[in-house]
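Engineer: Starting off with a structure, shown below.
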Amino acid sequence: SAVISQKPSRDICQRGTSLTIQCQVDSQVTMMFWYRQQPGQSLTLIATANQGSEATYESGFVIDKFPISRPNLTFSTLTVSNMSPEDSSIYLCSVGQGALRYTFGSGTRLTVV
Amino acid sequence: KQEVTQIPAALSVPEGENLVLNCSFTDSAIYNLQWFRQDPGKGLTSLLLIQSSQREQTSGRLNASLDKSSGRSTLYIAASQPGDSATYLCAASTISSGSARQLTFGSGTQLTVLP
């Protein structure tokens, strides 16, 4: 299965600033996904990152708040913009491969103060 | 819209016990169902993947079953160990409104195995 390198693993940020999270995959993948896991909650899909086109966002998530880049088939970034304490969460990237086995990055633990 | 429920939310057992974690889903038109393990503050580790055409999958002390018609999956852990302590998540793969296949997660079962 694919190996995903996600950076940073954690960060503490000031409110009003932005943080960009990176995911690098060791093989070319068609589908990359970004999830948020708020404290004590399960995972919620933010968006599907499509190579060569705009990301597809789920209900409740907008591009201005969570801009996503997907410049090639092995890399994607998620930016959390104009952060507030409510954005404190674990953010995870994921890829879907053959037989749709989903592999996840190790996550980015974000704390906004 | 797919909804996934996991019961119990938390479980504490003594070492050596066999245990069952339950997962139910509302839309039986799934492609597969996947069980994950999450350690505190960490990402997800895939444990078992059951395709919609399969009934069960086994890996070591873990066995997962799938009954699409009833919308249920179970994860059986044999001879539990303290190292099994983690949150276990099930996720169903279905077509989203955007046509991409996506995972819908349950809220997880937090397992504690006591030495």
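For the structure tokens, the naming scheme is as follows: chains receive sequential letters (A, B, ...) according to their order of presentation, residues are indexed from 1 within each chain, and ligands are indexed from 1 in presentation order.
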Determine, counting only C-alpha atoms, which protein, DNA and RNA residues have an atom within 9 Å of an atom of Ile4 of chain A; residues of the same chain fewer than 3 positions away are not included. Present the result as an mmCIF file with all heavy atoms, in the first residue's frame.
Structural biologist:
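Done, and the output landed in out_29.cif:
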data_model
loop_
_atom_site.group_PDB
_atom_site.id
_atom_site.type_symbol
_atom_site.label_atom_id
_atom_site.label_comp_id
_atom_site.auth_asym_id
_atom_site.auth_seq_id
_atom_site.Cartn_x
_atom_site.Cartn_y
_atom_site.Cartn_z
ATOM 1 N N CYS A 23 1.067 16.791 2.093
ATOM 2 C CA CYS A 23 1.064 15.331 2.019
ATOM 3 C C CYS A 23 1.774 14.876 0.760
ATOM 4 O O CYS A 23 1.421 15.308 -0.351
ATOM 5 C CB CYS A 23 -0.364 14.780 2.037
ATOM 6 S SG CYS A 23 -0.951 14.415 3.679
ATOM 7 N N GLN A 24 2.768 14.026 0.945
ATOM 8 C CA GLN A 24 3.548 13.463 -0.149
ATOM 9 C C GLN A 24 3.322 11.959 -0.161
ATOM 10 O O GLN A 24 3.477 11.294 0.864
ATOM 11 C CB GLN A 24 5.036 13.768 0.052
ATOM 12 C CG GLN A 24 5.951 13.195 -1.007
ATOM 13 C CD GLN A 24 5.845 13.962 -2.309
ATOM 14 O OE1 GLN A 24 5.980 15.182 -2.343
ATOM 15 N NE2 GLN A 24 5.627 13.251 -3.406
ATOM 16 N N VAL A 25 2.974 11.429 -1.324
ATOM 17 C CA VAL A 25 2.712 9.999 -1.463
ATOM 18 C C VAL A 25 3.840 9.373 -2.269
ATOM 19 O O VAL A 25 4.369 10.006 -3.200
ATOM 20 C CB VAL A 25 1.367 9.754 -2.162
ATOM 21 C CG1 VAL A 25 1.001 8.271 -2.105
ATOM 22 C CG2 VAL A 25 0.266 10.582 -1.534
ATOM 23 N N ASP A 26 4.193 8.139 -1.949
ATOM 24 C CA ASP A 26 5.337 7.509 -2.607
ATOM 25 C C ASP A 26 4.973 6.867 -3.943
ATOM 26 O O ASP A 26 5.817 6.227 -4.578
ATOM 27 C CB ASP A 26 5.992 6.476 -1.680
ATOM 28 C CG ASP A 26 5.107 5.263 -1.435
ATOM 29 O OD1 ASP A 26 3.897 5.330 -1.740
ATOM 30 O OD2 ASP A 26 5.621 4.259 -0.916
ATOM 31 N N CYS A 93 -4.667 13.505 5.691
ATOM 32 C CA CYS A 93 -4.843 13.250 4.267
ATOM 33 C C CYS A 93 -4.947 11.741 4.060
ATOM 34 O O CYS A 93 -4.472 10.944 4.877
ATOM 35 C CB CYS A 93 -3.721 13.845 3.438
ATOM 36 S SG CYS A 93 -2.112 13.133 3.742
ATOM 37 N N SER A 94 -5.555 11.381 2.964
ATOM 38 C CA SER A 94 -5.798 9.982 2.674
ATOM 39 C C SER A 94 -5.771 9.761 1.178
ATOM 40 O O SER A 94 -6.081 10.673 0.397
ATOM 41 C CB SER A 94 -7.164 9.561 3.232
ATOM 42 O OG SER A 94 -7.503 8.257 2.837
ATOM 43 N N VAL A 95 -5.382 8.562 0.781
ATOM 44 C CA VAL A 95 -5.440 8.189 -0.625
ATOM 45 C C VAL A 95 -6.224 6.893 -0.758
ATOM 46 O O VAL A 95 -6.211 6.054 0.147
ATOM 47 C CB VAL A 95 -4.029 8.036 -1.238
ATOM 48 C CG1 VAL A 95 -3.256 9.332 -1.118
ATOM 49 C CG2 VAL A 95 -3.272 6.886 -0.610
ATOM 50 N N THR A 103 -5.535 4.603 2.633
ATOM 51 C CA THR A 103 -4.367 4.759 3.491
ATOM 52 C C THR A 103 -4.330 6.192 3.981
ATOM 53 O O THR A 103 -4.622 7.116 3.213
ATOM 54 C CB THR A 103 -3.083 4.433 2.719
ATOM 55 O OG1 THR A 103 -3.194 3.116 2.166
ATOM 56 C CG2 THR A 103 -1.872 4.490 3.630
ATOM 57 N N PHE A 104 -3.947 6.365 5.242
ATOM 58 C CA PHE A 104 -3.951 7.693 5.846
ATOM 59 C C PHE A 104 -2.548 8.136 6.217
ATOM 60 O O PHE A 104 -1.691 7.318 6.560
ATOM 61 C CB PHE A 104 -4.822 7.696 7.103
ATOM 62 C CG PHE A 104 -6.289 7.741 6.800
ATOM 63 C CD1 PHE A 104 -6.961 6.608 6.393
ATOM 64 C CD2 PHE A 104 -7.000 8.932 6.900
ATOM 65 C CE1 PHE A 104 -8.312 6.640 6.092
ATOM 66 C CE2 PHE A 104 -8.357 8.971 6.603
ATOM 67 C CZ PHE A 104 -9.010 7.835 6.201
ATOM 68 N N GLY A 105 -2.346 9.447 6.155
ATOM 69 C CA GLY A 105 -1.148 10.032 6.718
ATOM 70 C C GLY A 105 -1.206 9.988 8.239
ATOM 71 O O GLY A 105 -2.230 9.639 8.827
ATOM 72 N N SER A 106 -0.114 10.367 8.852
ATOM 73 C CA SER A 106 -0.017 10.289 10.311
ATOM 74 C C SER A 106 -0.737 11.430 11.013
ATOM 75 O O SER A 106 -0.845 11.434 12.229
ATOM 76 C CB SER A 106 1.454 10.266 10.744
ATOM 77 O OG SER A 106 2.128 11.375 10.176
#
Engineer: Show me, as a ChimeraX atom specification, the residues of chain A whose atoms get within 8 Å of chain B, using only C-alpha atoms for the distance check.
Structural biologist: /A:41-45,48,56,90,92,99-107,109
Engineer: Can you write out the residues you just picked, keeping N, CA, C and O atoms, as an mmCIF file, in the first residue's frame?
Structural biologist:
data_model
loop_
_atom_site.group_PDB
_atom_site.id
_atom_site.type_symbol
_atom_site.label_atom_id
_atom_site.label_comp_id
_atom_site.auth_asym_id
_atom_site.auth_seq_id
_atom_site.Cartn_x
_atom_site.Cartn_y
_atom_site.Cartn_z
ATOM 1 N N GLN A 41 -14.126 13.590 18.404
ATOM 2 C CA GLN A 41 -15.059 13.268 17.321
ATOM 3 C C GLN A 41 -14.426 12.297 16.322
ATOM 4 O O GLN A 41 -13.232 12.020 16.378
ATOM 5 N N SER A 42 -15.275 11.812 15.427
ATOM 6 C CA SER A 42 -14.749 10.974 14.355
ATOM 7 C C SER A 42 -14.294 11.850 13.187
ATOM 8 O O SER A 42 -14.269 13.070 13.292
ATOM 9 N N LEU A 43 -13.944 11.220 12.101
ATOM 10 C CA LEU A 43 -13.400 11.954 10.959
ATOM 11 C C LEU A 43 -14.517 12.483 10.060
ATOM 12 O O LEU A 43 -15.493 11.785 9.790
ATOM 13 N N THR A 44 -14.322 13.695 9.583
ATOM 14 C CA THR A 44 -15.247 14.313 8.645
ATOM 15 C C THR A 44 -14.483 14.700 7.386
ATOM 16 O O THR A 44 -13.431 15.348 7.478
ATOM 17 N N LEU A 45 -15.010 14.321 6.239
ATOM 18 C CA LEU A 45 -14.353 14.641 4.986
ATOM 19 C C LEU A 45 -14.484 16.128 4.686
ATOM 20 O O LEU A 45 -15.598 16.670 4.703
ATOM 21 N N THR A 48 -12.240 16.434 -1.611
ATOM 22 C CA THR A 48 -11.493 15.521 -2.470
ATOM 23 C C THR A 48 -10.585 16.367 -3.351
ATOM 24 O O THR A 48 -11.062 17.288 -4.041
ATOM 25 N N THR A 56 -13.103 19.251 -4.742
ATOM 26 C CA THR A 56 -14.541 19.109 -4.497
ATOM 27 C C THR A 56 -14.775 19.135 -3.002
ATOM 28 O O THR A 56 -14.317 18.239 -2.288
ATOM 29 N N ILE A 90 -7.289 17.513 14.489
ATOM 30 C CA ILE A 90 -6.305 16.739 13.741
ATOM 31 C C ILE A 90 -6.754 16.732 12.290
ATOM 32 O O ILE A 90 -7.920 16.451 11.993
ATOM 33 N N LEU A 92 -6.067 15.118 8.519
ATOM 34 C CA LEU A 92 -5.461 13.938 7.919
ATOM 35 C C LEU A 92 -5.688 13.926 6.417
ATOM 36 O O LEU A 92 -6.767 14.252 5.939
ATOM 37 N N ALA A 99 -8.813 -1.641 -5.174
ATOM 38 C CA ALA A 99 -9.873 -2.191 -4.323
ATOM 39 C C ALA A 99 -10.300 -1.174 -3.269
ATOM 40 O O ALA A 99 -10.932 -1.512 -2.282
ATOM 41 N N LEU A 100 -9.895 0.060 -3.528
ATOM 42 C CA LEU A 100 -10.257 1.169 -2.657
ATOM 43 C C LEU A 100 -9.882 0.935 -1.213
ATOM 44 O O LEU A 100 -10.678 1.171 -0.306
ATOM 45 N N ARG A 101 -8.676 0.435 -1.021
ATOM 46 C CA ARG A 101 -8.121 0.444 0.321
ATOM 47 C C ARG A 101 -7.602 1.847 0.576
ATOM 48 O O ARG A 101 -6.797 2.377 -0.179
ATOM 49 N N TYR A 102 -8.082 2.457 1.637
ATOM 50 C CA TYR A 102 -7.698 3.816 1.975
ATOM 51 C C TYR A 102 -6.541 3.804 2.964
ATOM 52 O O TYR A 102 -6.584 3.119 3.976
ATOM 53 N N THR A 103 -5.535 4.603 2.633
ATOM 54 C CA THR A 103 -4.367 4.759 3.491
ATOM 55 C C THR A 103 -4.330 6.192 3.981
ATOM 56 O O THR A 103 -4.622 7.116 3.213
ATOM 57 N N PHE A 104 -3.947 6.365 5.242
ATOM 58 C CA PHE A 104 -3.951 7.693 5.846
ATOM 59 C C PHE A 104 -2.548 8.136 6.217
ATOM 60 O O PHE A 104 -1.691 7.318 6.560
ATOM 61 N N GLY A 105 -2.346 9.447 6.155
ATOM 62 C CA GLY A 105 -1.148 10.032 6.718
ATOM 63 C C GLY A 105 -1.206 9.988 8.239
ATOM 64 O O GLY A 105 -2.230 9.639 8.827
ATOM 65 N N SER A 106 -0.114 10.367 8.852
ATOM 66 C CA SER A 106 -0.017 10.289 10.311
ATOM 67 C C SER A 106 -0.737 11.430 11.013
ATOM 68 O O SER A 106 -0.845 11.434 12.229
ATOM 69 N N GLY A 107 -1.237 12.389 10.249
ATOM 70 C CA GLY A 107 -2.040 13.448 10.836
ATOM 71 C C GLY A 107 -1.241 14.664 11.257
ATOM 72 O O GLY A 107 -0.041 14.586 11.543
ATOM 73 N N ARG A 109 -1.635 17.629 14.071
ATOM 74 C CA ARG A 109 -2.396 18.073 15.249
ATOM 75 C C ARG A 109 -2.241 19.578 15.377
ATOM 76 O O ARG A 109 -1.156 20.075 15.691
#
Engineer: Applying 7 Å and only C-alpha atoms, which residues near Lys7 of chain A remain after dropping the ones on its own chain fewer than 4 positions away? List them as a PyMOL selection string.
Structural biologist: chain A and resi 21-23+108
Engineer: Fewer than 2 positions away in the same chain doesn't count, so skip those; otherwise give me all residues within 6 Å of segment 55-61 of chain B, counting only C-alpha atoms, as a ChimeraX atom specification.
Structural biologist: /B:63-66,77-78
Engineer: May I have the selected residues written with N, CA, C and O atoms, as an mmCIF file, in the first residue's frame?
Structural biologist:
data_model
loop_
_atom_site.group_PDB
_atom_site.id
_atom_site.type_symbol
_atom_site.label_atom_id
_atom_site.label_comp_id
_atom_site.auth_asym_id
_atom_site.auth_seq_id
_atom_site.Cartn_x
_atom_site.Cartn_y
_atom_site.Cartn_z
ATOM 1 N N ASN B 63 -10.543 -10.584 13.306
ATOM 2 C CA ASN B 63 -11.454 -11.120 12.301
ATOM 3 C C ASN B 63 -12.595 -10.130 12.140
ATOM 4 O O ASN B 63 -13.223 -9.728 13.119
ATOM 5 N N ALA B 64 -12.842 -9.715 10.911
ATOM 6 C CA ALA B 64 -13.944 -8.797 10.643
ATOM 7 C C ALA B 64 -14.962 -9.484 9.761
ATOM 8 O O ALA B 64 -14.597 -10.172 8.803
ATOM 9 N N SER B 65 -16.230 -9.305 10.073
ATOM 10 C CA SER B 65 -17.305 -9.870 9.273
ATOM 11 C C SER B 65 -18.164 -8.758 8.702
ATOM 12 O O SER B 65 -18.172 -7.636 9.220
ATOM 13 N N LEU B 66 -18.861 -9.089 7.631
ATOM 14 C CA LEU B 66 -19.732 -8.113 6.976
ATOM 15 C C LEU B 66 -21.034 -8.778 6.581
ATOM 16 O O LEU B 66 -21.038 -9.829 5.942
ATOM 17 N N ILE B 77 -11.696 -9.439 18.250
ATOM 18 C CA ILE B 77 -10.298 -9.446 18.675
ATOM 19 C C ILE B 77 -10.124 -10.590 19.657
ATOM 20 O O ILE B 77 -10.779 -10.626 20.713
ATOM 21 N N ALA B 78 -9.266 -11.516 19.320
ATOM 22 C CA ALA B 78 -9.030 -12.674 20.176
ATOM 23 C C ALA B 78 -7.860 -12.416 21.113
ATOM 24 O O ALA B 78 -6.899 -11.728 20.759
#
